[in-house]
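The structure under discussion appears below in the form of structure tokens.
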Amino acid sequence: KAGVTQTPRYLIKTRGQQVTLSCSPISGHRSVSWYQQTPGQGLQFLFEYFSETQRNKGNFPGRFSGRQFSNSRSEMNVSTLELGDSALYLCASSRTGGFLGTEAFFGQGTRLTVV
Amino acid sequence: SQELEQSPQSLIVQEGKNLTINCTSSKTLYGLYWYKQKYGEGLIFLMMLQKGGEEKSHEKITAKLDEKKQQSSLHITASQPSHAGIYLCGAHNNAGNMLTFGGGTRLMVKP
């Protein structure tokens, strides 16, 4: 059974550009959530999607957005990139809506470097 | 908002020694996850605990949840170099649609 797949694994972008990251959850999982990990702030929640609906959003500026498709794959977009957006972006998938009573599995992450 | 504090922040142990990592929540725990991360990589799921007093084991790793103390502990028996990494605890909110993570415990195991 395939795990959570994130693409690309590495990305280098210039300030001001935009970027789109992709996450394919485990087959049968309908909830996808995104996290940003930095040395200074640790792991921080970005947003969670279930059945194409955003159910929760973390405390990030509007430059960060996401969406989920009917096949549960999810994308997150960051517009007008800033140096501080350099981070490891992780997505997690779980079977039912959210995490209650269900195991949540993470992908390998996308390492974004903004120069 | 919920905060999770992990202790210790880092740990160096000799191979074969036992160790314990703690995770304390500032609010009621609805569910507690333990993950392991190698530097720069994704999180590897270890265990999920939901009920007070629950204890789970996987190979040489045991985790317990103390709901009253709002605390969980992760115990590794007879540590090996393969146990090295960053251990993270995460707790979900009461809606179950987000995880809050502790700062992590960096474990090094000396051969």
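Residues in the structure tokens are named by chain (A, B, ... in the order shown) and by number from 1 within that chain; ligands are numbered from 1 in the order shown.
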- Would you mind writing down, as number ranges by chain, each residue of segment 16-54 of chain A that DSSP on the backbone assigns to strand (DSSP E)? A: 19-24, 31-38, 42-50, 53-54
Take the residues that were just selected and, keeping N, CA, C and O atoms, output them as a compact mmCIF listing (two decimals), in the first residue's frame.
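And here is the file that came out, part_28.txt:
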```
# COMPACT_ATOMS: atom_id res chain seq x y z
N VAL A 19 4.42 29.32 -5.65
CA VAL A 19 4.77 27.91 -5.72
C VAL A 19 3.53 27.06 -5.39
O VAL A 19 2.67 27.48 -4.61
N THR A 20 3.46 25.90 -6.01
CA THR A 20 2.38 24.95 -5.74
C THR A 20 2.99 23.61 -5.35
O THR A 20 3.86 23.09 -6.05
N LEU A 21 2.55 23.10 -4.20
CA LEU A 21 3.02 21.81 -3.72
C LEU A 21 1.86 20.82 -3.78
O LEU A 21 0.70 21.20 -3.57
N SER A 22 2.19 19.56 -4.01
CA SER A 22 1.16 18.55 -4.16
C SER A 22 1.27 17.45 -3.13
O SER A 22 2.38 17.10 -2.69
N CYS A 23 0.13 16.90 -2.75
CA CYS A 23 0.09 15.82 -1.77
C CYS A 23 -0.95 14.80 -2.20
O CYS A 23 -2.13 15.13 -2.36
N SER A 24 -0.52 13.55 -2.37
CA SER A 24 -1.46 12.47 -2.67
C SER A 24 -1.59 11.60 -1.44
O SER A 24 -0.60 10.99 -1.00
N SER A 31 -9.03 12.77 4.43
CA SER A 31 -8.60 14.00 5.11
C SER A 31 -7.12 14.25 4.83
O SER A 31 -6.29 13.35 4.96
N VAL A 32 -6.83 15.47 4.43
CA VAL A 32 -5.45 15.88 4.19
C VAL A 32 -5.20 17.18 4.95
O VAL A 32 -5.99 18.11 4.89
N SER A 33 -4.10 17.22 5.66
CA SER A 33 -3.73 18.45 6.35
C SER A 33 -2.29 18.81 6.02
O SER A 33 -1.50 17.95 5.64
N TRP A 34 -1.98 20.08 6.15
CA TRP A 34 -0.66 20.60 5.79
C TRP A 34 0.00 21.26 7.00
O TRP A 34 -0.68 21.94 7.79
N TYR A 35 1.33 21.11 7.07
CA TYR A 35 2.10 21.69 8.15
C TYR A 35 3.38 22.30 7.60
O TYR A 35 3.94 21.82 6.61
N GLN A 36 3.82 23.35 8.27
CA GLN A 36 5.09 23.98 7.94
C GLN A 36 6.05 23.70 9.09
O GLN A 36 5.69 23.88 10.26
N GLN A 37 7.25 23.26 8.76
CA GLN A 37 8.24 23.01 9.80
C GLN A 37 9.48 23.86 9.57
O GLN A 37 10.11 23.79 8.50
N THR A 38 9.83 24.66 10.56
CA THR A 38 11.03 25.49 10.51
C THR A 38 11.80 25.29 11.80
O THR A 38 11.22 24.92 12.83
N GLY A 42 9.19 25.29 14.72
CA GLY A 42 8.75 23.90 14.80
C GLY A 42 7.67 23.60 13.78
O GLY A 42 7.60 24.21 12.72
N LEU A 43 6.81 22.65 14.13
CA LEU A 43 5.72 22.23 13.24
C LEU A 43 4.48 23.07 13.50
O LEU A 43 3.97 23.10 14.62
N GLN A 44 4.01 23.74 12.46
CA GLN A 44 2.82 24.56 12.61
C GLN A 44 1.76 24.17 11.60
O GLN A 44 2.06 23.96 10.42
N PHE A 45 0.54 24.13 12.06
CA PHE A 45 -0.60 23.73 11.25
C PHE A 45 -0.97 24.81 10.26
O PHE A 45 -1.08 25.99 10.62
N LEU A 46 -1.16 24.40 8.99
CA LEU A 46 -1.58 25.35 7.95
C LEU A 46 -3.08 25.25 7.69
O LEU A 46 -3.81 26.20 7.86
N PHE A 47 -3.54 24.10 7.22
CA PHE A 47 -4.96 23.87 6.99
C PHE A 47 -5.26 22.40 6.84
O PHE A 47 -4.36 21.58 6.65
N GLU A 48 -6.56 22.08 6.95
CA GLU A 48 -7.03 20.71 6.83
C GLU A 48 -8.22 20.66 5.89
O GLU A 48 -9.09 21.54 5.93
N TYR A 49 -8.23 19.65 5.03
CA TYR A 49 -9.31 19.45 4.08
C TYR A 49 -9.93 18.08 4.25
O TYR A 49 -9.23 17.10 4.53
N PHE A 50 -11.22 18.05 4.07
CA PHE A 50 -11.94 16.79 4.08
C PHE A 50 -13.04 16.88 3.03
O PHE A 50 -13.83 17.82 3.05
N THR A 53 -13.50 20.17 1.27
CA THR A 53 -13.87 21.34 2.08
C THR A 53 -12.77 21.64 3.08
O THR A 53 -12.29 20.74 3.77
N GLN A 54 -12.41 22.90 3.16
CA GLN A 54 -11.44 23.29 4.18
C GLN A 54 -12.18 23.40 5.51
O GLN A 54 -13.10 24.20 5.66
```
Just need the residues of chain A within 8 Å of chain B, counting only C-alpha atoms, so spit them out as a short mmCIF file (atom, residue, chain, number, x, y, z; two decimals) with C-alpha atoms, in the first residue's frame.
```cif
data_model
loop_
_atom_site.label_atom_id
_atom_site.label_comp_id
_atom_site.auth_asym_id
_atom_site.auth_seq_id
_atom_site.Cartn_x
_atom_site.Cartn_y
_atom_site.Cartn_z
CA SER A 33 -3.73 18.45 6.35
CA GLY A 42 8.75 23.90 14.80
CA LEU A 43 5.72 22.23 13.24
CA GLN A 44 2.82 24.56 12.61
CA PHE A 45 -0.60 23.73 11.25
CA PHE A 47 -4.96 23.87 6.99
CA GLU A 48 -7.03 20.71 6.83
CA ARG A 55 -12.46 22.57 7.76
CA ASN A 56 -9.75 24.35 9.66
CA LEU A 88 9.86 21.82 5.10
CA LEU A 90 4.55 18.29 5.30
CA GLY A 97 -12.67 13.24 8.92
CA GLY A 98 -9.82 14.71 10.87
CA PHE A 99 -7.74 12.89 13.43
CA LEU A 100 -10.23 11.69 16.00
CA GLY A 101 -9.76 8.01 16.54
CA GLU A 103 -4.04 7.23 12.61
CA ALA A 104 -2.47 10.10 10.70
CA PHE A 105 0.41 9.43 8.33
CA PHE A 106 2.82 11.97 6.94
CA GLY A 107 4.59 12.27 3.63
CA GLN A 108 8.32 12.86 3.17
CA GLY A 109 7.79 16.56 2.79
CA ARG A 111 11.81 21.27 1.12
#
```
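Residues with any atom within 8 Å of His83 of chain B, counting only C-alpha atoms and excluding same-chain neighbours fewer than 5 positions away, are B:Leu107, B:Met108, B:Val109.
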- Task: Within 10 Å of Glu55 of chain B, counting only C-alpha atoms, which residues show up once you throw out same-chain ones fewer than 2 positions away? Write them as a ChimeraX atom specification, please.
- Result: /B:47-53,57,62-66,72-74
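Residues in contact with Val115 of chain A at 7 Å, where only C-alpha atoms are counted and same-chain residues fewer than 6 positions away are skipped, are listed as A:Lys13, A:Thr14, A:Arg15, A:Leu83.
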